[in-house]
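Asks: Quick one: the structure is below, questions incoming.
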Amino acid sequence: MSDGGVELAPSRAAWYTEQDPTDIMNSALIIIFGITAFALFLGIRARSGHDMDLEQWTVGGRSFGTIFVFLLMAGEIYTTFTFLGGSGFAYGKGAPAYYILAYGTLAYVISYWLLPPIWRYAKEENLISQPHYFAKKFDSPALGLLVALVGVVALVPYLVLQFKGLGLIVSIASYGSISSTLAVWIGAAVVTVYVMLSGVRGAAWNAVVKDFVILGIVVFLGIYMPMHYYGGFGAMFDAIEKAKPGFLAFPARGSSVTWFQSTVLLTALGFFMWPHSFGSVFTARDERIFRRNAIVLPLYQLILLFVFFVGFAATLQVPGLQGPDIDLSLLKLSIQTFDPWFVGVIGAAGVMTALVPGSMILTSAATLLANDVYRSNLKSDASDAVVRRLAQALVPVIALIAVCFTLYGGSTIVALLLMGYNFVTQLFPAVVASLLTRNPVTRQGAFCGILTGAIAVAAITLTKSTLGGLFPFLPESLQDLNVGMVALVINLCVTAIVSALTQQGLARAPSRA
Amino acid sequence: MPLRLLALLPFVGILVGVAFVNHVEPLVFGMPFVLAWIVGWIILSAVIMGIIYALDPSNRMR
């Protein structure tokens with residue numbers, strides 16, 4: 001994941017100075033503002049007809065049908081990371097971008113068996129969050145607290161990424177007439193208001209609009225750009241292969257096939273371990289929704305292919321973007337190709353890709369803190385109404401922290417972001433074990449495993465270790481394994497050993513399963 | 001259990017398969033071969049999940 005960059009470098013200003021500013025005020029800006037206002041309206045309206053109690057606010061009263069659940073789960077696919085980062089990845093690194101296409105598919109295959117039992121248990125126990133699941137399943141508020149903390153530490157940088165992307169999209173698509181900073185404040189305010197009022201329902205309604213808009217835009221761009229600049233897909237890839245031999249297949253070292261395999265596997269396991277994805281499972285009305293979605297979601301994922309096509313089209317058309325700037329390739333190529341009003345439409349779609357995941361993340365993070373930190377560990381007699389009010393009050397606080405990180409956080413946040421996915425993947429072994437008829441993992445085992453796994457992730461990320469660096473004796477092909485594997489293996493070992501040492505938990509486990 | 005074995009195919013196709021098809025030529029539907037391979041497996045995965053859904057007795061209730 002690459003960082004969008006907080007400030008707009010002066011070099012970027014160069015592409016919008018040629019435009020007549022009044023012209024822009026009339027088109028791009030109006031469209032971006034229009035869709036943002038619409039998102040706000042829809043997000044607020046989403047509450048109407050529902051008594052916003054805790055269960056409504058956090059999990060939509062467990063009443064969502066196939067479409068809502070589908071779009072909330074697909075929400076993970078089309079974030080600003082995929083919109084800007086996916087095209088940027090293809091633009092800057094070539095073939096390694098294919099991993100983004102592959103991991104979701106495997107995650108959906110797993111989801112067919114993983115999600116229905118989680119949903120069933122959540123319904124029985126009236127669960128509203130991921131740490132809540134752990135706390136109940138392992139009968140341990142302390143484990144819930146640990147999972148909540150891991151979750152918040154992973155979620156906040158993810159929210160920052162959405163805000164950064166939003167700022168970038170708006171400032172560029174408005175040809176500089178709105179600064180990135182102003183865009184971040186406006187976006188954060190909009191999402192805060194409708195999340196406070198409507199919770200997950202606001203996210204769901206906006207997910208509908210977002211997916212329609214983004215689907216249309218991405219498919220159009222993905223077909224138009226290769227046709228317009230190269231005359232076709234084959235011609236485009238031929239031209240890239242000629243200009244950059246080997247760019248379209250995995251390299252022998254670095255982001256090699258081994259890297260692809262290990263990264264796809266790790267990411268597929270972590271996919272539903274994000275607190276907001278895990279929580280979206282609870283919104284479903286019945287469990288067959290997940291099995292049905294497992295058929296369609298892989299195909300839906302294919303839309304990312306068109307994002308790649310845009311990035312590949314940009315490789316030879318707007319060459320020279322380096323480092324974090326590769327994420328700008330889609331917008332830069334669009335500005336070079338289209339009139340301002342259409343750039344506005346693309347910008348508006350980009351705003352939606354930030355708002356929807358942003359609202360899910362905010363709802364989740366607030367719920368985690370209010371329900372699983374406050375109620376479970378500090379004040380166990382707090383009523384649902386108190387928890388809901390606290391969660392609502394925490395929304396602007398979390399949003400503000402994320403805005404500060406976005407505007408003043410510098411590069412520290414990038415390290416946290418790299419950790420995010422590997423952090424949440426550490427929850428996977430305990431979740432799977434908890435679903436077995438005889439859960440072999442004790443609460444102490446799960447606690448120690450997750451904790452050491454998370455510490456290992458932090459240590460590896462902060463020291464920028466690679467597997468080759470840690471274990472130079474490994475054969476060359478294995479040195480490119482995603483280093484997150486190390487943390488997961490450590491986690492598994494600790495979980496197994498501690499569980500074996502604390503057997504009395506095992507004897508009681510079946511009764512709770 | 002045989003249903004779950006069927007679900008292993010996408011893992012084999014995508015994770016193991018890519019190691020054997022990591023080349024650009026020939027282009028398939030205009031796409032580099034390895035990309036087309038992944039896309040093909042995504043479509044196959046949907047088909048496989050469809051078959052599993054149809055055969056799975058737990059979807060026949062109600």
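Following the order of the structure tokens, chains are lettered A, B, ..., residues in each are numbered from 1, and ligands are numbered from 1.
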Show me, as a list of chain:residue names, the residues of chain A whose atoms get within 7 Å of chain B, using only C-alpha atoms for the distance check.

Replies: A:Tyr98, A:Ala102, A:Thr105, A:Leu106, A:Val109, A:Phe233, A:Gly234, A:Phe237, A:Leu248, A:Ala249, A:Phe250, A:Val257, A:Gln261, A:Arg288, A:Arg291, A:Ala294, A:Ile295, A:Val296, A:Pro298, A:Leu299

Asks: Got a sec: who's within 10 Å of A:Leu470, counting only C-alpha atoms, leaving out chain neighbours fewer than 3 positions off, as a PyMOL selection string?

Replies: chain A and resi 460+465-467+473-474+479+483+486

Asks: Residues near A:His132, anyone? I mean within 9 Å using only C-alpha atoms, not counting same-chain ones fewer than 5 positions away, as a VMD selection string.

Replies: chain A and resid 122 127 137 141 144 to 145 147 to 148 368 371 to 372 376

Asks: Just list as a PyMOL selection string whatever in chain B DSSP marks as alpha helix (DSSP H).

Replies: chain B and resi 2-11+33-55

Asks: Just the selected residues (N, CA, C and O atoms), exported as a short mmCIF file (atom, residue, chain, number, x, y, z; two decimals), in the first residue's frame, please.

Replies:
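part.cif was written with the following content:
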```
data_model
loop_
_atom_site.label_atom_id
_atom_site.label_comp_id
_atom_site.auth_asym_id
_atom_site.auth_seq_id
_atom_site.Cartn_x
_atom_site.Cartn_y
_atom_site.Cartn_z
N PRO B 2 -16.69 -33.78 0.18
CA PRO B 2 -16.26 -33.60 -1.21
C PRO B 2 -16.49 -32.17 -1.70
O PRO B 2 -15.74 -31.68 -2.54
N LEU B 3 -17.51 -31.50 -1.13
CA LEU B 3 -17.76 -30.11 -1.51
C LEU B 3 -16.57 -29.24 -1.18
O LEU B 3 -16.15 -28.39 -1.95
N ARG B 4 -16.02 -29.49 0.03
CA ARG B 4 -14.89 -28.68 0.46
C ARG B 4 -13.66 -28.96 -0.40
O ARG B 4 -12.85 -28.08 -0.65
N LEU B 5 -13.54 -30.21 -0.85
CA LEU B 5 -12.41 -30.54 -1.73
C LEU B 5 -12.52 -29.76 -3.04
O LEU B 5 -11.53 -29.26 -3.57
N LEU B 6 -13.75 -29.64 -3.53
CA LEU B 6 -13.99 -28.87 -4.75
C LEU B 6 -13.53 -27.42 -4.56
O LEU B 6 -12.97 -26.80 -5.46
N ALA B 7 -13.74 -26.89 -3.35
CA ALA B 7 -13.36 -25.51 -3.05
C ALA B 7 -11.86 -25.32 -2.99
O ALA B 7 -11.37 -24.19 -3.00
N LEU B 8 -11.11 -26.42 -2.93
CA LEU B 8 -9.64 -26.30 -2.93
C LEU B 8 -9.11 -25.93 -4.31
O LEU B 8 -8.02 -25.38 -4.44
N LEU B 9 -9.91 -26.27 -5.35
CA LEU B 9 -9.44 -26.02 -6.72
C LEU B 9 -9.01 -24.57 -6.97
O LEU B 9 -7.93 -24.35 -7.54
N PRO B 10 -9.81 -23.55 -6.56
CA PRO B 10 -9.36 -22.17 -6.80
C PRO B 10 -8.00 -21.88 -6.15
O PRO B 10 -7.18 -21.15 -6.72
N PHE B 11 -7.77 -22.47 -4.96
CA PHE B 11 -6.48 -22.24 -4.30
C PHE B 11 -5.35 -22.84 -5.12
O PHE B 11 -4.30 -22.22 -5.31
N PHE B 33 -0.60 -13.52 -20.53
CA PHE B 33 -1.07 -14.87 -20.23
C PHE B 33 -1.33 -15.08 -18.74
O PHE B 33 -2.36 -15.62 -18.35
N VAL B 34 -0.40 -14.61 -17.90
CA VAL B 34 -0.54 -14.86 -16.46
C VAL B 34 -1.76 -14.13 -15.89
O VAL B 34 -2.48 -14.65 -15.04
N LEU B 35 -2.04 -12.93 -16.41
CA LEU B 35 -3.23 -12.19 -15.97
C LEU B 35 -4.50 -12.91 -16.41
O LEU B 35 -5.44 -13.09 -15.64
N ALA B 36 -4.49 -13.37 -17.68
CA ALA B 36 -5.65 -14.09 -18.21
C ALA B 36 -5.90 -15.37 -17.40
O ALA B 36 -7.04 -15.75 -17.14
N TRP B 37 -4.81 -16.02 -16.97
CA TRP B 37 -4.92 -17.22 -16.15
C TRP B 37 -5.65 -16.91 -14.84
O TRP B 37 -6.57 -17.62 -14.43
N ILE B 38 -5.24 -15.84 -14.17
CA ILE B 38 -5.87 -15.45 -12.91
C ILE B 38 -7.35 -15.12 -13.13
O ILE B 38 -8.23 -15.57 -12.39
N VAL B 39 -7.61 -14.34 -14.21
CA VAL B 39 -9.00 -13.97 -14.52
C VAL B 39 -9.83 -15.23 -14.78
O VAL B 39 -10.95 -15.37 -14.28
N GLY B 40 -9.26 -16.16 -15.55
CA GLY B 40 -9.96 -17.42 -15.83
C GLY B 40 -10.32 -18.14 -14.55
O GLY B 40 -11.43 -18.66 -14.39
N TRP B 41 -9.40 -18.15 -13.59
CA TRP B 41 -9.66 -18.85 -12.33
C TRP B 41 -10.68 -18.14 -11.46
O TRP B 41 -11.41 -18.78 -10.70
N ILE B 42 -10.75 -16.82 -11.59
CA ILE B 42 -11.77 -16.08 -10.84
C ILE B 42 -13.16 -16.49 -11.36
O ILE B 42 -14.08 -16.76 -10.58
N ILE B 43 -13.28 -16.57 -12.69
CA ILE B 43 -14.56 -16.97 -13.27
C ILE B 43 -14.89 -18.42 -12.88
O ILE B 43 -16.00 -18.73 -12.45
N LEU B 44 -13.86 -19.29 -12.99
CA LEU B 44 -14.06 -20.69 -12.58
C LEU B 44 -14.45 -20.80 -11.10
O LEU B 44 -15.28 -21.65 -10.74
N SER B 45 -13.87 -19.94 -10.27
CA SER B 45 -14.19 -19.97 -8.83
C SER B 45 -15.67 -19.70 -8.63
O SER B 45 -16.32 -20.35 -7.80
N ALA B 46 -16.18 -18.71 -9.37
CA ALA B 46 -17.61 -18.39 -9.26
C ALA B 46 -18.45 -19.59 -9.68
O ALA B 46 -19.43 -19.94 -9.02
N VAL B 47 -18.03 -20.26 -10.76
CA VAL B 47 -18.76 -21.44 -11.24
C VAL B 47 -18.71 -22.54 -10.18
O VAL B 47 -19.74 -23.15 -9.84
N ILE B 48 -17.52 -22.76 -9.62
CA ILE B 48 -17.36 -23.79 -8.60
C ILE B 48 -18.23 -23.49 -7.38
O ILE B 48 -18.93 -24.37 -6.86
N MET B 49 -18.24 -22.22 -6.95
CA MET B 49 -19.08 -21.87 -5.80
C MET B 49 -20.56 -22.05 -6.12
O MET B 49 -21.35 -22.41 -5.25
N GLY B 50 -20.91 -21.82 -7.39
CA GLY B 50 -22.30 -22.04 -7.82
C GLY B 50 -22.67 -23.51 -7.72
O GLY B 50 -23.76 -23.86 -7.23
N ILE B 51 -21.76 -24.38 -8.16
CA ILE B 51 -22.00 -25.83 -8.08
C ILE B 51 -22.13 -26.25 -6.62
O ILE B 51 -23.05 -26.99 -6.24
N ILE B 52 -21.22 -25.74 -5.79
CA ILE B 52 -21.26 -26.08 -4.37
C ILE B 52 -22.58 -25.64 -3.75
O ILE B 52 -23.22 -26.38 -3.01
N TYR B 53 -23.01 -24.43 -4.11
CA TYR B 53 -24.27 -23.91 -3.56
C TYR B 53 -25.44 -24.81 -3.94
O TYR B 53 -26.30 -25.12 -3.13
N ALA B 54 -25.42 -25.24 -5.21
CA ALA B 54 -26.53 -26.07 -5.70
C ALA B 54 -26.55 -27.45 -5.02
O ALA B 54 -27.61 -28.01 -4.77
N LEU B 55 -25.35 -27.99 -4.72
CA LEU B 55 -25.27 -29.33 -4.16
C LEU B 55 -25.39 -29.35 -2.63
O LEU B 55 -25.70 -30.39 -2.04
#
```

Asks: Identify, on the basis of only C-alpha atoms, every residue whose closest approach to A:Ile398 does not exceed 8 Å; exclude the query and any residue fewer than 3 positions from it along the same chain; express the result as a ChimeraX atom specification.

Replies: /A:156,362,365-366,394-395,401-402

Asks: Give me the residues near A:Ser140 as a count of residues only, where near means some atom within 12 Å (using only C-alpha atoms) and where sequence neighbours in that chain fewer than 6 positions away do not count.

Replies: 17

Asks: Tell me, as JSON, numbers by chain, which residues lie within 10 Å of A:Ala391, counting only C-alpha atoms; anything in the same chain fewer than 2 positions away does not count.

Replies: {"A": [54, 57, 58, 196, 199, 362, 363, 364, 365, 366, 367, 368, 369, 370, 371, 374, 385, 386, 387, 388, 389, 393, 394, 395, 396]}

Asks: Between A:Met419, A:Leu304, A:Val489, A:Ile110, which residue has the minimum interatomic distance to A:Thr461, considering only C-alpha atoms?

Replies: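 Ranking A:Met419, A:Leu304, A:Val489, A:Ile110 by distance to A:Thr461, first place goes to A:Met419.
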